[in-house]
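Colleague: target-v9.cif is the file, holding mmCIF, C-alpha atoms:
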data_model
#
loop_
_atom_site.label_atom_id
_atom_site.label_comp_id
_atom_site.auth_asym_id
_atom_site.auth_seq_id
_atom_site.Cartn_x
_atom_site.Cartn_y
_atom_site.Cartn_z
CA MET A 310 9.16 66.79 -33.13
CA GLY A 311 5.78 66.13 -34.72
CA VAL A 312 3.96 67.01 -31.50
CA PRO A 313 5.25 70.59 -31.13
CA ILE A 314 4.95 71.35 -34.84
CA SER A 315 1.38 70.03 -35.06
CA ASN A 316 0.57 71.83 -31.81
CA PHE A 317 1.84 75.09 -33.30
CA LEU A 318 -0.10 74.62 -36.55
CA ALA A 319 -3.31 73.81 -34.71
CA GLU A 320 -2.85 76.82 -32.44
CA GLN A 321 -1.90 79.33 -35.13
CA ILE A 322 -3.92 78.05 -38.13
CA THR A 323 -6.42 75.18 -37.77
CA LEU A 324 -6.59 71.56 -36.68
CA ALA A 325 -6.98 70.64 -40.36
CA ALA A 326 -3.58 72.24 -41.08
CA SER A 327 -2.07 70.14 -38.31
CA MET A 328 -3.48 66.92 -39.74
CA ALA A 329 -2.38 67.91 -43.27
CA PHE A 330 1.15 68.33 -41.93
CA PHE A 331 1.09 64.74 -40.66
CA ALA A 332 -0.22 63.49 -44.01
CA VAL A 333 2.60 65.22 -45.91
CA VAL A 334 5.31 64.03 -43.51
CA THR A 335 4.02 60.46 -43.68
CA ALA A 336 4.02 60.56 -47.49
CA ILE A 337 7.61 61.87 -47.49
CA ALA A 338 8.65 59.08 -45.10
CA LEU A 339 7.07 56.47 -47.40
CA ILE A 340 8.83 57.84 -50.49
CA ALA A 341 12.17 58.08 -48.65
CA THR A 342 11.83 54.48 -47.46
CA ILE A 343 11.16 53.23 -51.00
CA ILE A 344 14.11 55.18 -52.44
CA PHE A 345 16.80 54.96 -49.77
CA ILE A 346 16.20 51.79 -47.72
CA PRO A 347 17.94 48.86 -49.47
CA PRO A 348 16.13 45.51 -49.75
CA MET A 349 17.02 43.07 -46.98
CA LYS A 350 18.33 39.61 -47.76
CA GLN A 351 15.58 37.10 -47.27
CA GLN A 352 16.34 34.62 -44.53
CA LYS A 353 14.71 31.32 -43.81
CA PRO A 354 11.50 32.23 -42.01
CA LEU A 355 10.87 30.83 -38.56
CA SER A 356 7.70 28.84 -37.99
CA TYR A 357 4.94 30.49 -35.99
CA GLY A 358 5.30 27.82 -33.35
CA SER A 359 9.01 28.42 -32.81
CA GLN A 360 8.40 32.15 -32.49
CA LEU A 361 5.53 31.73 -30.05
CA ASN A 362 7.68 29.41 -27.97
CA VAL A 363 9.60 32.40 -26.63
CA LEU A 364 6.46 33.33 -24.69
CA LYS A 365 7.07 30.29 -22.49
CA GLN A 366 10.14 32.01 -21.05
CA PRO A 367 9.51 33.94 -17.81
CA MET A 368 12.23 36.47 -18.65
CA VAL A 369 10.45 37.39 -21.89
CA TRP A 370 7.29 38.20 -19.95
CA ALA A 371 9.31 40.15 -17.40
CA SER A 372 10.81 42.13 -20.28
CA ILE A 373 7.35 42.76 -21.75
CA PHE A 374 6.10 44.23 -18.47
CA ALA A 375 9.36 46.16 -18.02
CA VAL A 376 8.85 47.81 -21.41
CA ILE A 377 5.17 48.54 -20.67
CA PHE A 378 6.06 50.38 -17.48
CA LEU A 379 9.25 51.98 -18.81
CA ASN A 380 7.50 53.45 -21.84
CA GLY A 381 4.46 54.35 -19.77
CA SER A 382 6.61 56.18 -17.25
CA VAL A 383 7.71 58.59 -19.98
CA PHE A 384 4.64 58.97 -22.17
CA GLY A 385 2.02 58.88 -19.44
CA CYS A 386 3.19 62.33 -18.37
CA PHE A 387 4.48 63.57 -21.72
CA ASN A 388 1.04 63.26 -23.33
CA TYR A 389 -0.19 65.91 -20.89
CA LEU A 390 2.95 68.07 -21.03
CA ALA A 391 1.35 70.81 -23.16
CA ALA A 392 -1.50 71.22 -20.67
CA TYR A 393 0.96 71.00 -17.76
CA LEU A 394 3.16 73.76 -19.19
CA THR A 395 0.10 75.94 -19.80
CA ASP A 396 -1.71 75.43 -16.49
CA VAL A 397 1.13 74.84 -14.03
CA THR A 398 4.20 76.59 -15.46
CA LYS A 399 1.94 79.31 -16.96
CA LEU A 400 3.65 79.42 -20.35
CA ALA A 401 2.06 81.11 -23.36
CA PRO A 402 0.83 78.72 -26.09
CA SER A 403 3.60 79.81 -28.50
CA MET A 404 6.21 79.14 -25.81
CA VAL A 405 4.70 75.71 -25.13
CA SER A 406 5.30 74.74 -28.77
CA ILE A 407 8.94 75.85 -28.49
CA VAL A 408 9.47 73.84 -25.30
CA LEU A 409 7.90 70.75 -26.88
CA PHE A 410 10.16 71.23 -29.91
CA VAL A 411 13.21 71.39 -27.64
CA TYR A 412 12.00 68.20 -25.93
CA GLY A 413 11.83 66.47 -29.32
CA VAL A 414 15.32 67.58 -30.32
CA CYS A 415 16.64 66.31 -26.98
CA ASN A 416 15.03 62.94 -27.78
CA ILE A 417 17.40 62.68 -30.74
CA PHE A 418 20.44 63.37 -28.57
CA GLY A 419 19.15 60.90 -25.98
CA SER A 420 18.87 58.21 -28.64
CA MET A 421 22.48 58.80 -29.69
CA ILE A 422 23.67 58.70 -26.08
CA ALA A 423 21.71 55.51 -25.42
CA GLY A 424 23.43 53.71 -28.29
CA ASN A 425 26.80 54.28 -26.65
CA LEU A 426 25.61 53.51 -23.13
CA LEU A 427 23.91 50.25 -24.12
CA THR A 428 27.08 49.17 -25.90
CA VAL A 429 29.34 49.85 -22.93
CA GLN A 430 27.15 49.31 -19.85
CA PRO A 431 23.76 47.87 -20.87
CA ILE A 432 22.70 46.53 -17.48
CA TRP A 433 23.50 49.65 -15.48
CA THR A 434 22.00 51.89 -18.15
CA VAL A 435 18.66 50.10 -17.80
CA LYS A 436 18.87 49.86 -14.01
CA LEU A 437 19.63 53.54 -13.50
CA PHE A 438 17.15 54.90 -16.06
CA PRO A 439 13.98 54.66 -13.91
CA ILE A 440 15.89 56.14 -10.97
CA ALA A 441 16.95 59.17 -13.05
CA LEU A 442 13.41 59.62 -14.38
CA SER A 443 11.94 59.34 -10.87
CA ILE A 444 14.27 62.09 -9.66
CA ILE A 445 13.02 64.39 -12.44
CA TYR A 446 9.41 63.66 -11.48
CA LEU A 447 10.07 64.25 -7.78
CA ILE A 448 11.64 67.63 -8.54
CA LEU A 449 8.66 68.54 -10.72
CA TYR A 450 6.16 67.38 -8.13
CA PHE A 451 7.70 69.36 -5.30
CA GLY A 452 7.64 72.70 -7.07
CA GLY A 453 10.28 72.59 -9.78
CA SER A 454 7.68 73.13 -12.50
CA THR A 455 6.59 76.58 -11.31
CA ILE A 456 9.93 78.25 -12.15
CA VAL A 457 10.11 78.75 -15.91
CA LEU A 458 13.91 78.55 -16.35
CA PHE A 459 14.12 75.54 -14.05
CA MET A 460 11.28 73.86 -15.95
CA LEU A 461 13.13 74.38 -19.22
CA ILE A 462 16.25 72.72 -17.80
CA LEU A 463 14.20 69.80 -16.50
CA THR A 464 12.48 69.47 -19.88
CA ILE A 465 15.86 69.19 -21.62
CA ILE A 466 16.96 66.43 -19.24
CA TRP A 467 13.54 64.76 -19.52
CA GLY A 468 13.78 64.91 -23.32
CA ILE A 469 17.19 63.24 -23.30
CA LEU A 470 15.85 60.51 -21.02
CA GLY A 471 12.90 60.07 -23.40
CA GLY A 472 15.35 59.30 -26.21
CA VAL A 473 17.27 56.88 -24.00
CA ASN A 474 13.99 55.18 -23.08
CA ALA A 475 13.12 54.27 -26.68
CA ASN A 476 16.46 52.52 -27.18
CA ILE A 477 16.27 50.72 -23.85
CA ASN A 478 12.83 49.30 -24.65
CA GLN A 479 13.89 47.77 -27.95
CA TYR A 480 17.20 46.53 -26.55
CA TRP A 481 15.61 44.93 -23.50
CA LEU A 482 13.00 42.94 -25.41
CA SER A 483 15.13 41.99 -28.42
CA HIS A 484 17.81 40.59 -26.11
CA SER A 485 15.28 38.58 -24.16
CA ALA A 486 14.31 36.58 -27.28
CA PRO A 487 17.31 36.53 -29.67
CA GLU A 488 16.10 33.30 -31.28
CA ALA A 489 13.05 35.13 -32.72
CA PRO A 490 14.22 38.68 -33.54
CA ASP A 491 11.26 39.71 -35.73
CA PHE A 492 8.74 38.45 -33.21
CA ALA A 493 10.66 40.19 -30.41
CA ASN A 494 10.52 43.45 -32.36
CA GLY A 495 6.77 43.04 -32.70
CA LEU A 496 6.52 42.44 -28.96
CA PHE A 497 8.54 45.61 -28.36
CA LEU A 498 6.16 47.72 -30.47
CA THR A 499 3.09 46.19 -28.87
CA SER A 500 4.43 46.52 -25.33
CA ALA A 501 5.50 50.13 -25.90
CA ASN A 502 2.05 51.04 -27.24
CA VAL A 503 0.29 49.25 -24.39
CA GLY A 504 2.50 51.17 -21.96
CA THR A 505 1.61 54.48 -23.60
CA MET A 506 -2.10 53.68 -23.58
CA THR A 507 -2.34 52.44 -20.00
CA ALA A 508 -0.09 55.15 -18.55
CA THR A 509 -1.99 57.91 -20.36
CA ALA A 510 -5.26 56.59 -18.92
CA PHE A 511 -3.66 56.16 -15.49
CA CYS A 512 -2.24 59.68 -15.44
CA GLY A 513 -5.56 60.98 -16.76
CA PHE A 514 -7.22 59.45 -13.71
CA PHE A 515 -5.09 61.65 -11.44
CA ILE A 516 -5.99 64.73 -13.48
CA ASP A 517 -9.69 63.86 -13.47
CA HIS A 518 -9.91 63.16 -9.74
CA PHE A 519 -7.34 65.66 -8.45
CA SER A 520 -5.59 68.23 -10.68
CA ILE A 521 -3.15 68.59 -13.56
CA GLU A 522 -0.29 68.88 -11.05
CA GLU A 523 -0.94 65.31 -9.88
CA VAL A 524 -0.25 63.86 -13.34
CA ILE A 525 3.37 63.56 -12.21
CA LEU A 526 2.30 60.95 -9.64
CA GLY A 527 1.13 58.66 -12.41
CA GLY A 528 4.50 58.80 -14.15
CA LEU A 529 6.30 58.36 -10.86
CA ILE A 530 4.32 55.20 -10.03
CA PHE A 531 5.01 53.69 -13.47
CA SER A 532 8.68 54.55 -13.11
CA PHE A 533 8.86 52.91 -9.69
CA VAL A 534 7.18 49.72 -10.92
CA SER A 535 9.56 49.53 -13.89
CA LEU A 536 12.45 49.91 -11.45
CA LEU A 537 11.21 46.93 -9.43
CA ILE A 538 10.79 44.74 -12.52
CA VAL A 539 14.17 45.61 -14.04
CA TRP A 540 16.07 45.17 -10.80
CA PHE A 541 14.26 41.86 -10.19
CA GLN A 542 15.33 40.66 -13.64
CA CYS A 543 18.92 41.70 -13.07
CA SER A 544 19.00 40.01 -9.67
CA LYS A 545 18.63 36.66 -11.40
CA THR A 546 21.88 35.01 -12.41
CA SER A 547 20.32 33.81 -15.64
CA ALA A 548 19.38 37.37 -16.59
CA PHE A 549 22.93 38.63 -16.10
CA SER A 550 24.47 35.78 -18.06
CA PHE A 551 21.89 36.20 -20.81
CA PHE A 552 22.28 39.94 -21.29
CA PHE A 553 26.06 39.84 -21.21
CA LYS A 554 26.16 36.95 -23.67
CA GLY A 555 27.61 38.09 -27.01
#
Translate the structure described by the file into C-alpha cells.
Modeller:
Amino acid sequence: MGVPISNFLAEQITLAASMAFFAVVTAIALIATIIFIPPMKQQKPLSYGSQLNVLKQPMVWASIFAVIFLNGSVFGCFNYLAAYLTDVTKLAPSMVSIVLFVYGVCNIFGSMIAGNLLTVQPIWTVKLFPIALSIIYLILYFGGSTIVLFMLILTIIWGILGGVNANINQYWLSHSAPEAPDFANGLFLTSANVGTMTATAFCGFFIDHFSIEEVILGGLIFSFVSLLIVWFQCSKTSAFSFFFKG
C-alpha cells in the first residue's frame, strides 16, 4: 500500500512529503520489530561451503529462474500501472491512487489465500498461477483496460494474484533447498529483485519502442516463460517427490 499512498502524497503535496512518509513508516517498522519480534533460538550455523553446495542442484537453478520470471511477470507491468491507468484507462490522478490502494489491499487477501492453497495443493497452485495471470493480461491487452468498471474488477483479481505470487516465490525456492533455509531465503530475495529489475526494463522497452498499451506484452512474455519453467520442473519425477516430501 506504500505505492498508492506515496503516489497520492506526491500528487497532492510534494515529492518530499512522499519520501518523508517512507522514512516515518520505515522507522515505525524498525521500532515494532525491536519491540514485538521475539529473539530466535540460535542454531548451529551451516558452513559457507555446505550452503553454496545447493547451487550444484539443477532444480535449485530452475527454481531461481522460475522466481525471476514469476515475480517479473507481476511487477514488470505493475511498476507502470499508474501510467497505464492514466493514459489508457483515462483515470484522474486521484482515482489512480485509489485503484492502487485497492490493489495493495487485495495483495493482503492474496497472501492469505496463498497460505491455504500452498498447504493443500502446492503443485497445482504454482502451475496454475502463470496461466491465471496470463488470462488477466490477455483480457487487458485486447481492450479490457478501456472500460473503467471492468478495469477495476481486473485490478482486484490482479492484486489478489500479486499476493499469491509473493508466497509462491518464497515457497518454491525454500523447498528447493531445505538443507540451507537461510541461504534459500537469500536466494528468494535476490531472485525476486532480479525479476523485478529485468521485467521492468523489459516492459519499459515495449513502452519506449511502441506505446504504454504494449507494456502488457512484457508481462505476458514473462508469465509464459515462468509457465514453461514451472511445468518443466513439475514434469520431473524428482521434482514431484521433492515438493510433496514432508
Colleague: Go through A:Phe438, A:Trp467, A:Trp540, A:Tyr389 one by one, measure the shortest atom-to-atom distance of each to Ser520 (chain A) using only C-alpha atoms, and give the residue with the smallest value.
Modeller: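 Selected residue with least distance to Ser520 (chain A): A:Tyr389.
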Colleague: Expanded to explicit residues, what is the PyMOL selection byres ((chain A and resi 475) around 10) for this file, as a ChimeraX atom specification?
Modeller: /A:376,379-380,383,416,419-420,423,470-474,476-480,497,501
Colleague: Hey, can you spit out that residue selection with C-alpha atoms as an mmCIF file, in the coordinates of the input?
Modeller:
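Dumped everything to part.cif:
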data_model
loop_
_atom_site.group_PDB
_atom_site.id
_atom_site.type_symbol
_atom_site.label_atom_id
_atom_site.label_comp_id
_atom_site.auth_asym_id
_atom_site.auth_seq_id
_atom_site.Cartn_x
_atom_site.Cartn_y
_atom_site.Cartn_z
ATOM 1 C CA VAL A 376 8.850 47.810 -21.410
ATOM 2 C CA LEU A 379 9.250 51.980 -18.810
ATOM 3 C CA ASN A 380 7.500 53.450 -21.840
ATOM 4 C CA VAL A 383 7.710 58.590 -19.980
ATOM 5 C CA ASN A 416 15.030 62.940 -27.780
ATOM 6 C CA GLY A 419 19.150 60.900 -25.980
ATOM 7 C CA SER A 420 18.870 58.210 -28.640
ATOM 8 C CA ALA A 423 21.710 55.510 -25.420
ATOM 9 C CA LEU A 470 15.850 60.510 -21.020
ATOM 10 C CA GLY A 471 12.900 60.070 -23.400
ATOM 11 C CA GLY A 472 15.350 59.300 -26.210
ATOM 12 C CA VAL A 473 17.270 56.880 -24.000
ATOM 13 C CA ASN A 474 13.990 55.180 -23.080
ATOM 14 C CA ASN A 476 16.460 52.520 -27.180
ATOM 15 C CA ILE A 477 16.270 50.720 -23.850
ATOM 16 C CA ASN A 478 12.830 49.300 -24.650
ATOM 17 C CA GLN A 479 13.890 47.770 -27.950
ATOM 18 C CA TYR A 480 17.200 46.530 -26.550
ATOM 19 C CA PHE A 497 8.540 45.610 -28.360
ATOM 20 C CA ALA A 501 5.500 50.130 -25.900
#
Colleague: Taking the file as shown, what set of residues would the PyMOL selection byres ((chain A and resi 371) around 12) give back, as a ChimeraX atom specification?
Modeller: /A:364-370,372-379,481-482,485-486,500,534-543,545,548
Colleague: Pull C-alpha atoms from the residues just selected and write them as a short mmCIF file (atom, residue, chain, number, x, y, z; two decimals), in the coordinates of the input.
Modeller:
data_model
loop_
_atom_site.label_atom_id
_atom_site.label_comp_id
_atom_site.auth_asym_id
_atom_site.auth_seq_id
_atom_site.Cartn_x
_atom_site.Cartn_y
_atom_site.Cartn_z
CA LEU A 364 6.46 33.33 -24.69
CA LYS A 365 7.07 30.29 -22.49
CA GLN A 366 10.14 32.01 -21.05
CA PRO A 367 9.51 33.94 -17.81
CA MET A 368 12.23 36.47 -18.65
CA VAL A 369 10.45 37.39 -21.89
CA TRP A 370 7.29 38.20 -19.95
CA SER A 372 10.81 42.13 -20.28
CA ILE A 373 7.35 42.76 -21.75
CA PHE A 374 6.10 44.23 -18.47
CA ALA A 375 9.36 46.16 -18.02
CA VAL A 376 8.85 47.81 -21.41
CA ILE A 377 5.17 48.54 -20.67
CA PHE A 378 6.06 50.38 -17.48
CA LEU A 379 9.25 51.98 -18.81
CA TRP A 481 15.61 44.93 -23.50
CA LEU A 482 13.00 42.94 -25.41
CA SER A 485 15.28 38.58 -24.16
CA ALA A 486 14.31 36.58 -27.28
CA SER A 500 4.43 46.52 -25.33
CA VAL A 534 7.18 49.72 -10.92
CA SER A 535 9.56 49.53 -13.89
CA LEU A 536 12.45 49.91 -11.45
CA LEU A 537 11.21 46.93 -9.43
CA ILE A 538 10.79 44.74 -12.52
CA VAL A 539 14.17 45.61 -14.04
CA TRP A 540 16.07 45.17 -10.80
CA PHE A 541 14.26 41.86 -10.19
CA GLN A 542 15.33 40.66 -13.64
CA CYS A 543 18.92 41.70 -13.07
CA LYS A 545 18.63 36.66 -11.40
CA ALA A 548 19.38 37.37 -16.59
#
Colleague: Which residues are close to Ala401 (chain A), i.e. within 12 Å by only C-alpha atoms, leaving aside same-chain residues fewer than 4 positions away? Reply as an mmCIF file with C-alpha atoms, keeping the file's coordinate frame.
Modeller:
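Result file out.cif:
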data_model
loop_
_atom_site.group_PDB
_atom_site.id
_atom_site.type_symbol
_atom_site.label_atom_id
_atom_site.label_comp_id
_atom_site.auth_asym_id
_atom_site.auth_seq_id
_atom_site.Cartn_x
_atom_site.Cartn_y
_atom_site.Cartn_z
ATOM 1 C CA PHE A 317 1.840 75.090 -33.300
ATOM 2 C CA GLU A 320 -2.850 76.820 -32.440
ATOM 3 C CA ALA A 391 1.350 70.810 -23.160
ATOM 4 C CA ALA A 392 -1.500 71.220 -20.670
ATOM 5 C CA TYR A 393 0.960 71.000 -17.760
ATOM 6 C CA LEU A 394 3.160 73.760 -19.190
ATOM 7 C CA THR A 395 0.100 75.940 -19.800
ATOM 8 C CA ASP A 396 -1.710 75.430 -16.490
ATOM 9 C CA VAL A 397 1.130 74.840 -14.030
ATOM 10 C CA VAL A 405 4.700 75.710 -25.130
ATOM 11 C CA SER A 406 5.300 74.740 -28.770
ATOM 12 C CA ILE A 407 8.940 75.850 -28.490
ATOM 13 C CA VAL A 408 9.470 73.840 -25.300
ATOM 14 C CA VAL A 457 10.110 78.750 -15.910
#
Colleague: Which is closer to Ser532 (chain A) than all the others in A:Ser382, A:Ser544, A:Gln321, A:Thr505, using all atoms listed in the file?
Modeller: A:Ser382
Colleague: Just checking: using all atoms listed in the file, which residue out of A:Ala336, A:Cys386, A:Ala493, A:Ile422 ends up closest to Phe531 (chain A)?
Modeller: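 Closest to Phe531 (chain A), using all atoms listed in the file: A:Cys386.
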Colleague: Report, in Å to a single decimal, how far apart CA of Gly513 (chain A) and CA of Ile448 (chain A) are.
Modeller: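 Computing it gives 20.2 Å between the two atoms.
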Colleague: Nearest to Leu461 (chain A) among A:Thr398, A:Glu522, A:Leu426, A:Thr434, with distances taken over all atoms listed in the file: which residue is it?
Modeller: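 Smallest distance to Leu461 (chain A) is found for A:Thr398.
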Colleague: For Val414 (chain A), find every residue with an atom within 9 Å (counting only C-alpha atoms), except residues of its own chain fewer than 4 positions away, and show them as a PyMOL selection string.
Modeller: chain A and resi 310+409-410+418-419+465+468-469
Colleague: List the residues selected by the PyMOL selection byres ((chain A and resi 327) around 12) in the file shown, writing them as an MDAnalysis selection string.
Modeller: chainID A and resid 311:326 328:334
Colleague: Quick one: of A:Pro402, A:Gly413, A:Pro431, A:Pro347, who's nearest to His484 (chain A), counting all atoms listed in the file?
Modeller: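 Ranking A:Pro402, A:Gly413, A:Pro431, A:Pro347 by distance to His484 (chain A), first place goes to A:Pro431.
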Colleague: Write out as number ranges by chain the residues lying within 12 Å of Ile525 (chain A), counting only C-alpha atoms and excluding same-chain residues fewer than 5 positions away.
Modeller: A: 381-390, 393, 397, 442-454, 508-509, 511-516, 519-520, 530-532
Colleague: In Å to one decimal, how far is CA of Gly424 (chain A) from CA of Val411 (chain A)?
Modeller: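 Going from CA of Val411 (chain A) over to CA of Gly424 (chain A), I get 20.4 Å.
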Colleague: Between CA of Asp491 (chain A) and CA of Pro439 (chain A), what is the distance in Å, rounded to a tenth?
Modeller: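 Computing the Euclidean distance for CA of Asp491 (chain A) and CA of Pro439 (chain A) yields 26.6 Å.
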Colleague: Would you please work out which residue, of A:Cys415, A:Leu437, A:Ile340, A:Met349, is nearest to Ile462 (chain A) when using all atoms listed in the file?
Modeller: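 Of A:Cys415, A:Leu437, A:Ile340, A:Met349, the one nearest Ile462 (chain A), counting all atoms listed in the file, is A:Cys415.
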